[in-house]
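The structure file work-v9.pdb is reproduced below (PDB, C-alpha atoms).
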ATOM      1  CA  MET A   1      -7.874   7.859 -11.768
ATOM      2  CA  ASN A   2      -5.361   5.039 -12.118
ATOM      3  CA  ILE A   3      -4.858   4.090  -8.473
ATOM      4  CA  LEU A   4      -4.725   0.691  -6.833
ATOM      5  CA  PHE A   5      -4.388   2.239  -3.406
ATOM      6  CA  PRO A   6      -7.168   1.683  -0.880
ATOM      7  CA  LEU A   7      -6.779  -1.056   1.670
ATOM      8  CA  LEU A   8      -7.995  -4.210  -0.015
ATOM      9  CA  LEU A   9     -10.389  -4.783   2.846
ATOM     10  CA  LEU A  10     -11.958  -1.388   2.278
ATOM     11  CA  LEU A  11     -12.405  -1.331  -1.489
ATOM     12  CA  THR A  12     -15.908  -2.687  -1.736
ATOM     13  CA  VAL A  13     -18.632  -4.428   0.191
ATOM     14  CA  ALA A  14     -19.465  -8.049  -0.606
ATOM     15  CA  SER A  15     -22.789  -8.303  -2.387
ATOM     16  CA  ALA A  16     -24.346 -11.248  -0.582
ATOM     17  CA  PRO A  17     -26.257 -10.300   2.611
ATOM     18  CA  ALA A  18     -24.961 -13.376   4.450
ATOM     19  CA  ALA A  19     -21.407 -12.368   3.628
ATOM     20  CA  LYS A  20     -22.093  -8.868   4.958
ATOM     21  CA  ASP A  21     -23.407 -10.252   8.240
ATOM     22  CA  LYS A  22     -20.402 -12.542   8.571
ATOM     23  CA  GLU A  23     -18.044  -9.646   7.835
ATOM     24  CA  LYS A  24     -19.674  -7.393  10.414
ATOM     25  CA  ALA A  25     -19.475 -10.153  12.974
ATOM     26  CA  THR A  26     -15.745 -10.624  12.411
ATOM     27  CA  ASN A  27     -14.307  -7.144  12.026
ATOM     28  CA  ASP A  28     -16.866  -4.619  10.775
ATOM     29  CA  LEU A  29     -14.864  -4.072   7.602
ATOM     30  CA  PRO A  30     -16.062  -4.997   4.126
ATOM     31  CA  ARG A  31     -14.042  -7.662   2.352
ATOM     32  CA  VAL A  32     -13.260  -7.944  -1.316
ATOM     33  CA  ASN A  33     -14.205 -11.387  -2.540
ATOM     34  CA  THR A  34     -13.614 -10.812  -6.236
ATOM     35  CA  LEU A  35      -9.927  -9.933  -6.262
ATOM     36  CA  ILE A  36      -7.259 -12.615  -6.217
ATOM     37  CA  PRO A  37      -4.261 -11.440  -4.217
ATOM     38  CA  GLN A  38      -1.093 -11.065  -6.219
ATOM     39  CA  LEU A  39       1.381 -13.667  -5.084
ATOM     40  CA  LEU A  40       4.580 -12.547  -3.436
ATOM     41  CA  PRO A  41       7.560 -13.640  -5.532
ATOM     42  CA  ARG A  42       9.345 -16.782  -4.377
ATOM     43  CA  ASN A  43      12.741 -15.216  -5.025
ATOM     44  CA  PRO A  44      12.405 -11.601  -3.879
ATOM     45  CA  SER A  45      15.098  -9.044  -4.569
ATOM     46  CA  ALA A  46      15.597  -6.775  -1.574
ATOM     47  CA  LYS A  47      18.034  -4.624  -3.524
ATOM     48  CA  PRO A  48      17.364  -1.052  -2.380
ATOM     49  CA  PRO A  49      15.371   1.171  -4.722
ATOM     50  CA  PRO A  50      16.952   4.276  -6.280
ATOM     51  CA  GLY A  51      18.079   6.774  -3.621
ATOM     52  CA  PRO A  52      15.374   9.416  -4.230
ATOM     53  CA  VAL A  53      12.658   6.749  -4.084
ATOM     54  CA  GLN A  54      14.099   5.251  -0.891
ATOM     55  CA  ARG A  55      14.181   8.690   0.756
ATOM     56  CA  GLN A  56      10.530   9.339  -0.183
ATOM     57  CA  LEU A  57       9.424   5.989   1.217
ATOM     58  CA  ASP A  58      11.521   6.333   4.380
ATOM     59  CA  THR A  59       9.932   9.741   5.001
ATOM     60  CA  PHE A  60       6.471   8.307   4.294
ATOM     61  CA  PHE A  61       6.774   5.333   6.632
ATOM     62  CA  ASN A  62       8.510   7.367   9.368
ATOM     63  CA  GLY A  63       5.642   9.866   9.195
ATOM     64  CA  ILE A  64       3.042   7.100   9.395
ATOM     65  CA  GLN A  65       4.843   5.639  12.411
ATOM     66  CA  ALA A  66       4.836   9.094  14.042
ATOM     67  CA  GLY A  67       1.066   9.397  13.503
ATOM     68  CA  LYS A  68       1.338  11.982  10.709
ATOM     69  CA  VAL A  69      -0.735  10.056   8.181
ATOM     70  CA  ASP A  70      -2.180  13.031   6.300
ATOM     71  CA  GLU A  71       1.108  14.916   5.964
ATOM     72  CA  SER A  72       3.032  11.776   5.023
ATOM     73  CA  PHE A  73       0.581  10.779   2.326
ATOM     74  CA  ARG A  74       0.396  14.289   0.862
ATOM     75  CA  ALA A  75       4.195  14.499   0.703
ATOM     76  CA  LEU A  76       4.418  11.081  -0.964
ATOM     77  CA  VAL A  77       1.957  11.949  -3.741
ATOM     78  CA  ALA A  78       2.898  15.624  -4.122
ATOM     79  CA  ASN A  79       4.651  15.174  -7.481
ATOM     80  CA  ASN A  80       1.764  13.323  -9.122
ATOM     81  CA  PRO A  81      -1.365  15.438  -9.732
ATOM     82  CA  SER A  82      -3.601  12.424 -10.361
ATOM     83  CA  LEU A  83      -2.677  10.929  -6.966
ATOM     84  CA  SER A  84      -2.714  14.215  -5.076
ATOM     85  CA  ASP A  85      -6.187  15.285  -6.236
ATOM     86  CA  PRO A  86      -7.558  17.220  -3.240
ATOM     87  CA  ALA A  87     -10.898  15.430  -3.545
ATOM     88  CA  ALA A  88      -9.296  11.973  -3.330
ATOM     89  CA  VAL A  89      -6.615  12.509  -0.673
ATOM     90  CA  PRO A  90      -8.964  12.418   2.360
ATOM     91  CA  GLU A  91     -10.337   9.018   1.308
ATOM     92  CA  PHE A  92      -6.854   7.546   0.922
ATOM     93  CA  VAL A  93      -5.700   8.996   4.237
ATOM     94  CA  GLU A  94      -8.802   7.614   5.951
ATOM     95  CA  ASN A  95      -8.111   4.155   4.508
ATOM     96  CA  ILE A  96      -4.594   4.226   5.930
ATOM     97  CA  ARG A  97      -5.944   5.345   9.308
ATOM     98  CA  LYS A  98      -8.541   2.563   9.287
ATOM     99  CA  GLY A  99      -5.852   0.027   8.460
ATOM    100  CA  LEU A 100      -3.801   1.247  11.422
ATOM    101  CA  GLU A 101      -6.855   1.098  13.688
ATOM    102  CA  VAL A 102      -7.654  -2.462  12.657
ATOM    103  CA  PHE A 103      -4.130  -3.924  12.573
ATOM    104  CA  GLY A 104      -2.366  -1.717  15.101
ATOM    105  CA  PRO A 105       0.247   1.009  14.907
ATOM    106  CA  LEU A 106       3.132   0.751  12.504
ATOM    107  CA  GLN A 107       5.999  -0.958  14.337
ATOM    108  CA  GLY A 108       8.429  -1.193  11.444
ATOM    109  CA  VAL A 109       8.742  -1.804   7.737
ATOM    110  CA  GLU A 110      11.086  -3.635   5.418
ATOM    111  CA  LEU A 111      11.579  -3.924   1.699
ATOM    112  CA  TYR A 112      10.460  -7.336   0.484
ATOM    113  CA  ASP A 113      10.963  -7.032  -3.257
ATOM    114  CA  GLN A 114      12.170  -4.603  -5.897
ATOM    115  CA  ARG A 115      11.422  -5.347  -9.550
ATOM    116  CA  PRO A 116      12.748  -3.030 -12.237
ATOM    117  CA  VAL A 117      10.620  -2.827 -15.357
ATOM    118  CA  GLY A 118      13.143  -1.606 -17.876
ATOM    119  CA  THR A 119      15.311   1.281 -16.730
ATOM    120  CA  ARG A 120      12.692   3.878 -15.786
ATOM    121  CA  VAL A 121      10.026   1.942 -13.871
ATOM    122  CA  VAL A 122      10.389   0.135 -10.571
ATOM    123  CA  TYR A 123       7.806  -1.972  -8.741
ATOM    124  CA  LEU A 124       8.383  -2.198  -4.979
ATOM    125  CA  THR A 125       6.794  -4.376  -2.311
ATOM    126  CA  TYR A 126       7.220  -3.530   1.355
ATOM    127  CA  ILE A 127       5.922  -5.370   4.398
ATOM    128  CA  SER A 128       4.894  -3.282   7.389
ATOM    129  CA  PHE A 129       4.607  -4.757  10.853
ATOM    130  CA  HIS A 130       1.693  -4.099  13.205
ATOM    131  CA  THR A 131       0.462  -5.604  16.460
ATOM    132  CA  LYS A 132      -2.176  -7.812  14.801
ATOM    133  CA  LYS A 133      -0.699  -8.712  11.412
ATOM    134  CA  PRO A 134       1.571  -7.418   8.671
ATOM    135  CA  LEU A 135       0.406  -5.338   5.730
ATOM    136  CA  ARG A 136       1.741  -5.402   2.186
ATOM    137  CA  TRP A 137       2.462  -2.092   0.438
ATOM    138  CA  GLN A 138       3.084  -1.951  -3.301
ATOM    139  CA  PHE A 139       4.489   1.107  -5.051
ATOM    140  CA  VAL A 140       5.143   1.777  -8.740
ATOM    141  CA  TYR A 141       7.607   4.557  -9.539
ATOM    142  CA  TYR A 142       8.459   6.050 -12.914
ATOM    143  CA  MET A 143      11.294   8.346 -13.962
ATOM    144  CA  PRO A 144      10.350  10.403 -17.029
ATOM    145  CA  VAL A 145      13.187  11.543 -19.276
ATOM    146  CA  GLY A 146      14.827  14.577 -17.703
ATOM    147  CA  ALA A 147      12.727  14.432 -14.534
ATOM    148  CA  ASP A 148      12.767  12.962 -11.041
ATOM    149  CA  TRP A 149      11.195   9.703  -9.937
ATOM    150  CA  LYS A 150       7.457  10.020  -9.406
ATOM    151  CA  LEU A 151       4.978   7.714  -7.787
ATOM    152  CA  LEU A 152       2.512   6.287 -10.313
ATOM    153  CA  ASN A 153       0.498   3.906  -8.141
ATOM    154  CA  LEU A 154       0.347   2.598  -4.643
ATOM    155  CA  ARG A 155      -1.700  -0.030  -2.895
ATOM    156  CA  PHE A 156      -1.757  -1.671   0.482
ATOM    157  CA  ASP A 157      -3.597  -4.700   1.740
ATOM    158  CA  ASP A 158      -3.609  -7.330   4.444
ATOM    159  CA  THR A 159      -3.195 -10.374   2.179
ATOM    160  CA  VAL A 160       0.354 -11.227   3.161
ATOM    161  CA  GLU A 161      -0.434 -14.778   4.280
ATOM    162  CA  GLN A 162      -2.788 -15.433   1.332
ATOM    163  CA  SER A 163      -0.198 -14.194  -1.135
ATOM    164  CA  LEU A 164       2.619 -16.475  -0.062
ATOM    165  CA  ILE A 165       3.649 -18.990  -2.677
ATOM    166  CA  PRO A 166       3.152 -22.534  -1.395
ATOM    167  CA  ASP A 167       6.109 -24.903  -1.629
TER     168      ASP A 167
END
Would you write the structure of this file as structure tokens?
Amino acid sequence: MNILFPLLLLLTVASAPAAKDKEKATNDLPRVNTLIPQLLPRNPSAKPPPGPVQRQLDTFFNGIQAGKVDESFRALVANNPSLSDPAAVPEFVENIRKGLEVFGPLQGVELYDQRPVGTRVVYLTYISFHTKKPLRWQFVYYMPVGADWKLLNLRFDDTVEQSLIPD
């Protein structure tokens, strides 16, 4: 499955025992030490995404904020069979729930960047706000010829401060 979704903190457990002990002491969540966070662009474009995409994401984030994680996620991935695989959905939903438990409830969200890739692909970065720290959400949408926009990939992580471009 071609998904970049699970919370970066929850993807894998560090291999060194000392790292595991340190992780458990700090937050009981495994950390990924092998992935380099993608940098946030220095000159973001907060131009709104296409209307159908914006409506899907508004519904998704409003549902998350209302505590309807499972329903919101299922609705978001409904038009993509590889993302809505019944065997995979519970894991993704659980990762979102864990992220909310660790960082606090969703208090708001804003579009940070929208990057078109040609005319039929758009790469979106949103920042969500929580009581402990913000999260970064990345979505890739594709519009096949003669069809509606569909979500190809999504990912969220807590690397907002690590991904800022230094001056």
Each segment 40-101 of chain A residue no farther than 12 Å from segment 138-160 of chain A, nearest pair in Å, all atoms listed in the file, as JSON lines:
{"residue": "A:Leu40", "atom": "CA", "partner": "A:Val160", "partner_atom": "CA", "distance": 7.9}
{"residue": "A:Pro41", "atom": "CA", "partner": "A:Val160", "partner_atom": "CA", "distance": 11.5}
{"residue": "A:Pro49", "atom": "CA", "partner": "A:Tyr141", "partner_atom": "CA", "distance": 9.7}
{"residue": "A:Pro50", "atom": "CA", "partner": "A:Trp149", "partner_atom": "CA", "distance": 8.7}
{"residue": "A:Gly51", "atom": "CA", "partner": "A:Trp149", "partner_atom": "CA", "distance": 9.8}
{"residue": "A:Pro52", "atom": "CA", "partner": "A:Trp149", "partner_atom": "CA", "distance": 7.1}
{"residue": "A:Val53", "atom": "CA", "partner": "A:Trp149", "partner_atom": "CA", "distance": 6.7}
{"residue": "A:Gln54", "atom": "CA", "partner": "A:Trp149", "partner_atom": "CA", "distance": 10.5}
{"residue": "A:Arg55", "atom": "CA", "partner": "A:Trp149", "partner_atom": "CA", "distance": 11.1}
{"residue": "A:Gln56", "atom": "CA", "partner": "A:Leu151", "partner_atom": "CA", "distance": 9.6}
{"residue": "A:Leu57", "atom": "CA", "partner": "A:Phe139", "partner_atom": "CA", "distance": 9.4}
{"residue": "A:Phe60", "atom": "CA", "partner": "A:Phe139", "partner_atom": "CA", "distance": 12.0}
{"residue": "A:Phe73", "atom": "CA", "partner": "A:Leu154", "partner_atom": "CA", "distance": 10.7}
{"residue": "A:Arg74", "atom": "CA", "partner": "A:Leu151", "partner_atom": "CA", "distance": 11.8}
{"residue": "A:Ala75", "atom": "CA", "partner": "A:Leu151", "partner_atom": "CA", "distance": 10.9}
{"residue": "A:Leu76", "atom": "CA", "partner": "A:Leu151", "partner_atom": "CA", "distance": 7.6}
{"residue": "A:Val77", "atom": "CA", "partner": "A:Leu151", "partner_atom": "CA", "distance": 6.6}
{"residue": "A:Ala78", "atom": "CA", "partner": "A:Lys150", "partner_atom": "CA", "distance": 9.0}
{"residue": "A:Asn79", "atom": "CA", "partner": "A:Lys150", "partner_atom": "CA", "distance": 6.2}
{"residue": "A:Asn80", "atom": "CA", "partner": "A:Lys150", "partner_atom": "CA", "distance": 6.6}
{"residue": "A:Pro81", "atom": "CA", "partner": "A:Leu152", "partner_atom": "CA", "distance": 10.0}
{"residue": "A:Ser82", "atom": "CA", "partner": "A:Leu152", "partner_atom": "CA", "distance": 8.7}
{"residue": "A:Leu83", "atom": "CA", "partner": "A:Leu152", "partner_atom": "CA", "distance": 7.7}
{"residue": "A:Ser84", "atom": "CA", "partner": "A:Leu151", "partner_atom": "CA", "distance": 10.4}
{"residue": "A:Phe92", "atom": "CA", "partner": "A:Arg155", "partner_atom": "CA", "distance": 9.9}
{"residue": "A:Val93", "atom": "CA", "partner": "A:Phe156", "partner_atom": "CA", "distance": 12.0}
{"residue": "A:Asn95", "atom": "CA", "partner": "A:Phe156", "partner_atom": "CA", "distance": 9.5}
{"residue": "A:Ile96", "atom": "CA", "partner": "A:Phe156", "partner_atom": "CA", "distance": 8.5}
{"residue": "A:Lys98", "atom": "CA", "partner": "A:Asp157", "partner_atom": "CA", "distance": 11.6}
{"residue": "A:Gly99", "atom": "CA", "partner": "A:Asp157", "partner_atom": "CA", "distance": 8.5}
{"residue": "A:Leu100", "atom": "CA", "partner": "A:Asp158", "partner_atom": "CA", "distance": 11.1}
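The gap separating atom CA of Pro134 of chain A from atom CA of Ala88 of chain A is 25.3 Å, in Å to one decimal.
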Taken to one decimal, the atom CA of Thr59 of chain A-atom CA of Gln114 of chain A distance is 18.2 Å
Measure the distance from atom CA of Gly108 of chain A to atom CA of Ser45 of chain A in Å and round it to one decimal. 19.0 Å
Once the PyMOL selection byres ((chain A and resi 113) around 8) has been evaluated on this model, what residues remain selected, and can you format them as a short mmCIF file (atom, residue, chain, number, x, y, z; two decimals) with C-alpha atoms, in the coordinates of the input?
data_model
loop_
_atom_site.label_atom_id
_atom_site.label_comp_id
_atom_site.auth_asym_id
_atom_site.auth_seq_id
_atom_site.Cartn_x
_atom_site.Cartn_y
_atom_site.Cartn_z
CA PRO A 41 7.56 -13.64 -5.53
CA PRO A 44 12.40 -11.60 -3.88
CA SER A 45 15.10 -9.04 -4.57
CA ALA A 46 15.60 -6.78 -1.57
CA LYS A 47 18.03 -4.62 -3.52
CA LEU A 111 11.58 -3.92 1.70
CA TYR A 112 10.46 -7.34 0.48
CA GLN A 114 12.17 -4.60 -5.90
CA ARG A 115 11.42 -5.35 -9.55
CA LEU A 124 8.38 -2.20 -4.98
CA THR A 125 6.79 -4.38 -2.31
CA TYR A 126 7.22 -3.53 1.36
#
Find the smallest box with edges along x, y and z containing every listed atom of segment 128-134 of chain A, then add 5 Å on each side and report centre and edge lengths in Å to one decimal, as lines of an AutoDock Vina configuration file.
center_x = 1.4
center_y = -6.0
center_z = 11.9
size_x = 17.1
size_y = 15.4
size_z = 19.1
I need the residue set behind the PyMOL selection byres ((chain A and resi 97) around 12) for this file; please write it as a PyMOL selection string. chain A and resi 6-7+10+64-65+67-70+72-73+90-96+98-106
Looking at all atoms listed in the file, which of A:Thr119, A:Lys133, A:Gln107, A:Ser128 is the one that sits closest to Ala66 of chain A?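 That would be A:Gln107, the residue with the smallest distance to Ala66 of chain A.
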Nearest to Pro48 of chain A: which of A:Pro116, A:Asp85, A:Arg136, A:Asn62 is it, counting only C-alpha atoms? A:Pro116
